[in-house]
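**Student:** One structure, as structure tokens, below. Some questions next.
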There are 2 protein chains.
Amino acid sequence: MQASGVKELFNVLTPADAFERLRPCLKGPRGVERVQTADGLGRVLAQDLRAPEDLPTFRRSTMDGFAVRAADTFGASEALPAYLTVVGEVLMGREATSSPALGEAVRIATGGMIPDGADAVVMVEHTQDVDATTIEVLRPVAAGEHVIDVGEDVRRGDPLLGRGHILRPQDVGGLLAFGLTDVEVARRLSVGIISGGDEIVAPASVPQPGQIRDINSYTLATLVDRAGHLPVLLGVVPDVYERLEAAARDGLERCDVLILSAGSSVSTRDMTAQVIAALGEPGVLVHGVSLKPGKPTILAYAQDKPVFGLPGNPVSCIVTFDLFVAPALYALSGCPERPPRRGVAAHLARNVASAPGRQDYFQVRLDRRDGELWAEPVFGKSNLIYTLVRSDGMVRIDLDRSGLNAGEAVEVILF
Amino acid sequence: MQASGVKELFNVLTPADAFERLRPCLKGPRGVERVQTADGLGRVLAQDLRAPEDLPTFRRSTMDGFAVRAADTFGASEALPAYLTVVGEVLMGREATSSPALGEAVRIATGGMIPDGADAVVMVEHTQDVDATTIEVLRPVAAGEHVIDVGEDVRRGDPLLGRGHILRPQDVGGLLAFGLTDVEVARRLSVGIISGGDEIVAPASVPQPGQIRDINSYTLATLVDRAGHLPVLLGVVPDVYERLEAAARDGLERCDVLILSAGSSVSTRDMTAQVIAALGEPGVLVHGVSLKPGKPTILAYAQDKPVFGLPGNPVSCIVTFDLFVAPALYALSGCPERPPRRGVAAHLARNVASAPGRQDYFQVRLDRRDGELWAEPVFGKSNLIYTLVRSDGMVRIDLDRSGLNAGEAVEVILF
């Protein structure tokens, strides 16, 4: 009678240890493709890039003013200005043609090309017009002042960005500054999602008594989407071993990663474990994690692809996706580390108990009181989707704690 | 000679005050559309949703075990078990047909429909088989134990999610649980981007001496994309008033929001300001912010659309987008507040000075030392794009501070 509900406890690992069992299998990237750099936001670089030239390729002014020889301004002051002859102007976007000789200056705007001969720029605010071709310089400038040197941003051959880097807006700009208009990135992964359970019907259906609509397939699909990959909805499969195995085999063939969102009864969970074990070697690596919610999680590897058996209730589903599937997707894309999640610091509004030796997650709603953020726990059976909808994020209780105290500083991982 | 570079200082506002000048114009949403809920991740709700029915619509078991009348188990113990007759089984996804009378139990799995007559579930672990139709119950259960009641998740008519809410994975699941397969959301905004400057050429071009490739258009486009809206690249426009004005008028007609990424010289910036002022009433609301980098920012409103004149250098461009354009896009979509950005807590690795009365942002690289995060400032002229590429995030120095101290706890806003 005590069956596998209890057996699962024998082999429970901490969430971190559980992921370490899977990690050696997750070499990435699993494939690469070239994309337009301008479309590359969020993609994972699959090549090491070096600067093909100096940036900038010519000396540029950082101020509006006059390109000069710095030595001509030494000792200049309001009382004793230096007098310089303006011999020309640098036009924006054009090669600087007039070179200032000793005692000469060339008008220049911010971003303009510093002419040969000049080694500094005097700000316009530190000059005064004497006549059409003469200025007074009221302060000295040092050589190099208000000048960006050739290669000052990046030198030719210097590393720009490496494999595994996730492209951000400034990276897109930085690569285009060198004319690198396409880049090699990790292919997006297709992630198959199967929901199991005789009681589950499609969201557009009208459930009969005893039936509920499929929530997990769509929650998981949007989580996959948000991680930058491609969800493939493989449908709801009834609790019949042969049908579940056939659906899993088909999904594993078509996709890079497979998620089975198990039914919630023990017999259905056992069936999911058996199906996953039958998919190939090495098979099930982890069955049971010291985690609440999310204990019956299965991590497996078969046919060179990871397979996840996630608990059927919506809260566990989100927690275990975040702890196991998301880091796996980053690793499979060649990212050495998953990027930090969005989090905020808050004070816990009330005591929350936990069992030591188990990593607990609970949901909170954020309240701002007197300018400080407070995290108010949202309790509810983990089968309830609206405890999640009503929450702003989750708080973790570490393995070695037996709870958290009201007022304690906590980090809220935002949904 | 001191021209408008100095004039800009006359009218500088704090970043918060500057945004408040624009905020009253930013009523949203600017249009709505219906989308499939399953495709709704990240979209902003434009309707208030209430529960069309109770969730769940029938009583469900949260455990594998037996549906019973709780009164039958009162006083049950290992020494003195209660004996119950098993009169049937609830099949998953089916209506519960056998009702337990006094002294009877019905086999049930997690998620199964509680039969009429039963008011609690005994966990299978707390029972023992006596024969094929009799069980011993070893512990008592209270009425309602291991049962999710009708409407326990949400009651019919209760508010689900309101206007302005940004849909997350669990929200998509939660709406589909009610069969709400499509929802009304704010239309994505088209954001026109014009880069000004005689020196700017397209990224695929080979720049001639004095020319540089366009970075800002693409950095801005990816920032718009990341905020969930639609960038429209309107091209690079040379520093000729008539051409810039024509491009701005055309862009304002075609798009919901217009960004002009100005050239960096004072004369070009002035031209941008004049063009923006000519677009219509009320015109320029803010010209100059006590912010570094980003002082010469222009916030304007014309033809019922916001117009932003952002400084030309890449660092200012990212800072001012984040401070002004991103919150405007949320407001225009009907979000009451922008969602928190991704941030991490770190210690500052060295002293950083600042001018009081000005809000400063500087870039940092994150280092992990002995398990703690340290933020190492990345200095460089703000014209350099690679100081941004080499950084992980930004740290803010508030208006009332004259700097930050080494070792101080800071929040790093991640790029």
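Chains: A, B, ... in order of the structure tokens. Residues: from 1 per chain. Ligands: from 1, in order shown.
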Neighbouring residues of A:Ala331 were defined as those with any atom within 10 Å, considering only C-alpha atoms; residues of the same chain fewer than 2 positions away were excluded. Please report them as a ChimeraX atom specification.
**Tutor:** /A:23-30,164,325-329,333-338
**Student:** Write out as a list in words each polymer residue whose atoms come within 10 Å of A:Pro293, counting only C-alpha atoms; drop sequence neighbours fewer than 2 positions from it.
**Tutor:**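 Counting only C-alpha atoms, the residues come to Val289, Ser290, Leu291, Lys295, Pro296, Thr297, Pro311, Asn313, Pro314, Val315, Ser316, Cys317, Ile318, Val319, Thr320, Arg358, Gln359, Asp360, Tyr361, Phe362 and Ser382 of chain A.
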**Student:** Take the residues just selected and output them with C-alpha atoms as an mmCIF file, in the first residue's frame.
**Tutor:**
```
data_model
loop_
_atom_site.group_PDB
_atom_site.id
_atom_site.type_symbol
_atom_site.label_atom_id
_atom_site.label_comp_id
_atom_site.auth_asym_id
_atom_site.auth_seq_id
_atom_site.Cartn_x
_atom_site.Cartn_y
_atom_site.Cartn_z
ATOM 1 C CA VAL A 289 14.576 16.133 -5.170
ATOM 2 C CA SER A 290 14.590 17.573 -1.635
ATOM 3 C CA LEU A 291 12.460 20.441 -2.792
ATOM 4 C CA LYS A 295 9.815 16.673 -4.968
ATOM 5 C CA PRO A 296 8.819 14.109 -7.635
ATOM 6 C CA THR A 297 10.909 15.773 -10.387
ATOM 7 C CA PRO A 311 5.220 17.425 -11.343
ATOM 8 C CA ASN A 313 0.618 20.891 -10.308
ATOM 9 C CA PRO A 314 1.118 24.401 -11.655
ATOM 10 C CA VAL A 315 3.264 25.744 -8.815
ATOM 11 C CA SER A 316 5.712 22.819 -8.891
ATOM 12 C CA CYS A 317 5.757 23.110 -12.645
ATOM 13 C CA ILE A 318 6.995 26.725 -12.541
ATOM 14 C CA VAL A 319 9.494 26.113 -9.713
ATOM 15 C CA THR A 320 11.042 23.048 -11.317
ATOM 16 C CA ARG A 358 14.681 20.559 2.106
ATOM 17 C CA GLN A 359 14.783 23.613 -0.159
ATOM 18 C CA ASP A 360 11.430 25.363 0.040
ATOM 19 C CA TYR A 361 9.937 27.959 -2.249
ATOM 20 C CA PHE A 362 6.917 29.988 -1.315
ATOM 21 C CA SER A 382 0.029 23.936 -4.660
#
```
**Student:** In Å, with one decimal, what is the gap from atom CA of B:Leu223 to atom CA of B:Leu373?
**Tutor:** 26.2 Å
**Student:** Report as a PyMOL selection string all protein, DNA and RNA residues lying within 12 Å of A:Thr110, evaluated on only C-alpha atoms, omitting residues in the same chain fewer than 2 positions from it.
**Tutor:** (chain A and resi 59-67+90-93+107-108+112-114+121-124+146-148) or (chain B and resi 197-199+210+262-269+312-313+383)
**Student:** Using only C-alpha atoms, find the one residue out of A:Gly393, A:Pro169, A:Pro100, A:Gly196 that sits nearest to chain B.
**Tutor:** A:Pro169
**Student:** What are the DSSP strand (DSSP E or B) residues of stretch 180-276 of chain A, as an NGL selection string?
**Tutor:** :A and (182-186 or 190-196 or 200-201 or 212-213 or 230-237 or 257-261)
**Student:** Using only C-alpha atoms, can you tell me which of A:Glu104, A:Glu245, A:Asp129, A:Asp116 comes closest to chain B?
**Tutor:** A:Asp129
**Student:** Mind checking which residues fall within 8 Å of stretch 248-257 of chain A, counting only C-alpha atoms, ignoring those fewer than 3 positions away in the same chain, and posting them as number ranges by chain?
**Tutor:** A: 189-194, 232, 234, 244-245, 260, 275-276, 279, 303, 305-307
**Student:** For the alpha helix (DSSP H) assignment from backbone DSSP, which residues of stretch 368-404 of chain A qualify? Please present them as a ChimeraX atom specification.
**Tutor:** /A:385-389
**Student:** With only C-alpha atoms as the counted atoms, please give the residues lying no more than 12 Å from B:Val378, apart from itself and same-chain residues fewer than 3 positions off, as a list in words.
**Tutor:**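 The contact residues come out as Val315, Leu348, Ala349, Arg350, Val352, Tyr361, Phe362, Gln363, Val364, Arg365, Leu366, Ala375, Lys381, Ser382, Leu384, Ile385, Tyr386, Thr387, Leu388, Val389, Arg390, Ser391, Asp392, Gly393, Met394 and Val395 of chain B.
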**Student:** Write the residues you've just listed into a file as a CSV table (one decimal), in the first residue's frame, and include C-alpha atoms for each of them.
**Tutor:**
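Result written to out29.csv:
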```
chain,number,residue,atom,x,y,z
B,315,VAL,CA,26.2,55.5,-23.3
B,348,LEU,CA,31.4,48.9,-4.9
B,349,ALA,CA,35.0,48.0,-5.6
B,350,ARG,CA,36.4,51.6,-5.4
B,352,VAL,CA,33.4,57.0,-7.3
B,361,TYR,CA,25.2,56.7,-13.8
B,362,PHE,CA,28.4,54.8,-14.2
B,363,GLN,CA,29.0,51.4,-15.7
B,364,VAL,CA,30.4,48.4,-13.8
B,365,ARG,CA,31.7,44.9,-14.4
B,366,LEU,CA,30.7,42.3,-11.8
B,375,ALA,CA,31.0,46.1,-8.8
B,381,LYS,CA,34.7,58.6,-22.3
B,382,SER,CA,31.0,58.3,-22.9
B,384,LEU,CA,33.1,54.8,-26.4
B,385,ILE,CA,30.7,52.0,-27.1
B,386,TYR,CA,33.0,49.3,-25.8
B,387,THR,CA,32.9,50.6,-22.2
B,388,LEU,CA,29.2,49.5,-22.4
B,389,VAL,CA,30.0,46.2,-24.1
B,390,ARG,CA,32.6,45.4,-21.3
B,391,SER,CA,30.1,46.3,-18.5
B,392,ASP,CA,27.5,44.1,-16.9
B,393,GLY,CA,25.3,47.0,-15.6
B,394,MET,CA,25.0,50.4,-14.2
B,395,VAL,CA,25.0,52.0,-10.8
```
**Student:** What is the distance between atom CA of A:Asp304 and atom CA of A:Leu41, in Å to one decimal?
**Tutor:** 28.1 Å
**Student:** Got a sec: who's within 10 Å of B:Leu80, counting only C-alpha atoms, leaving out chain neighbours fewer than 6 positions off, as a list in words?
**Tutor:**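 Those residues are Glu136, Val137, Leu138 and Arg139 of chain B.
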**Student:** Can those selected residues be exported to a file as a short mmCIF file (atom, residue, chain, number, x, y, z; two decimals), in the first residue's frame so that it contains N, CA and C atoms?
**Tutor:**
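What follows is the written file again-v4.cif:
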```
data_model
loop_
_atom_site.label_atom_id
_atom_site.label_comp_id
_atom_site.auth_asym_id
_atom_site.auth_seq_id
_atom_site.Cartn_x
_atom_site.Cartn_y
_atom_site.Cartn_z
N GLU B 136 -8.58 -0.87 6.55
CA GLU B 136 -8.44 -0.29 7.87
C GLU B 136 -7.97 1.15 7.70
N VAL B 137 -8.59 2.09 8.40
CA VAL B 137 -8.13 3.48 8.42
C VAL B 137 -7.40 3.69 9.74
N LEU B 138 -6.11 4.12 9.67
CA LEU B 138 -5.24 4.14 10.84
C LEU B 138 -5.17 5.49 11.53
N ARG B 139 -5.68 6.52 10.85
CA ARG B 139 -5.70 7.86 11.46
C ARG B 139 -6.99 8.57 11.08
#
```
**Student:** Can you work out the spacing between atom CA of A:Val412 and atom CA of A:Ala345 in Å, to one decimal?
**Tutor:**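 Interatomic distance, atom CA of A:Val412 to atom CA of A:Ala345: 6.2 Å.
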**Student:** Using only C-alpha atoms, which of the listed residues (B:Ala118, B:Leu13, B:Ala227, B:Ala204) sits closest to B:Gly42?
**Tutor:**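 With only C-alpha atoms as the atom set, the closest residue is B:Ala227.
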**Student:** Looking at only C-alpha atoms, which of A:Tyr218, A:Phe321, A:Tyr301, A:Phe74 is the one that sits closest to chain B?
**Tutor:**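 Counting only C-alpha atoms, the residue closest to chain B is A:Tyr218.
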**Student:** Skip A:Gly228 itself and residues of its chain fewer than 2 positions away, then list as a list in words all residues within 8 Å of it, counting only C-alpha atoms.
**Tutor:**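 Residues near the query, excluding close chain neighbours: Gly42, Arg43, Arg188, Val224, Asp225, Arg226 and Leu230 of chain A.
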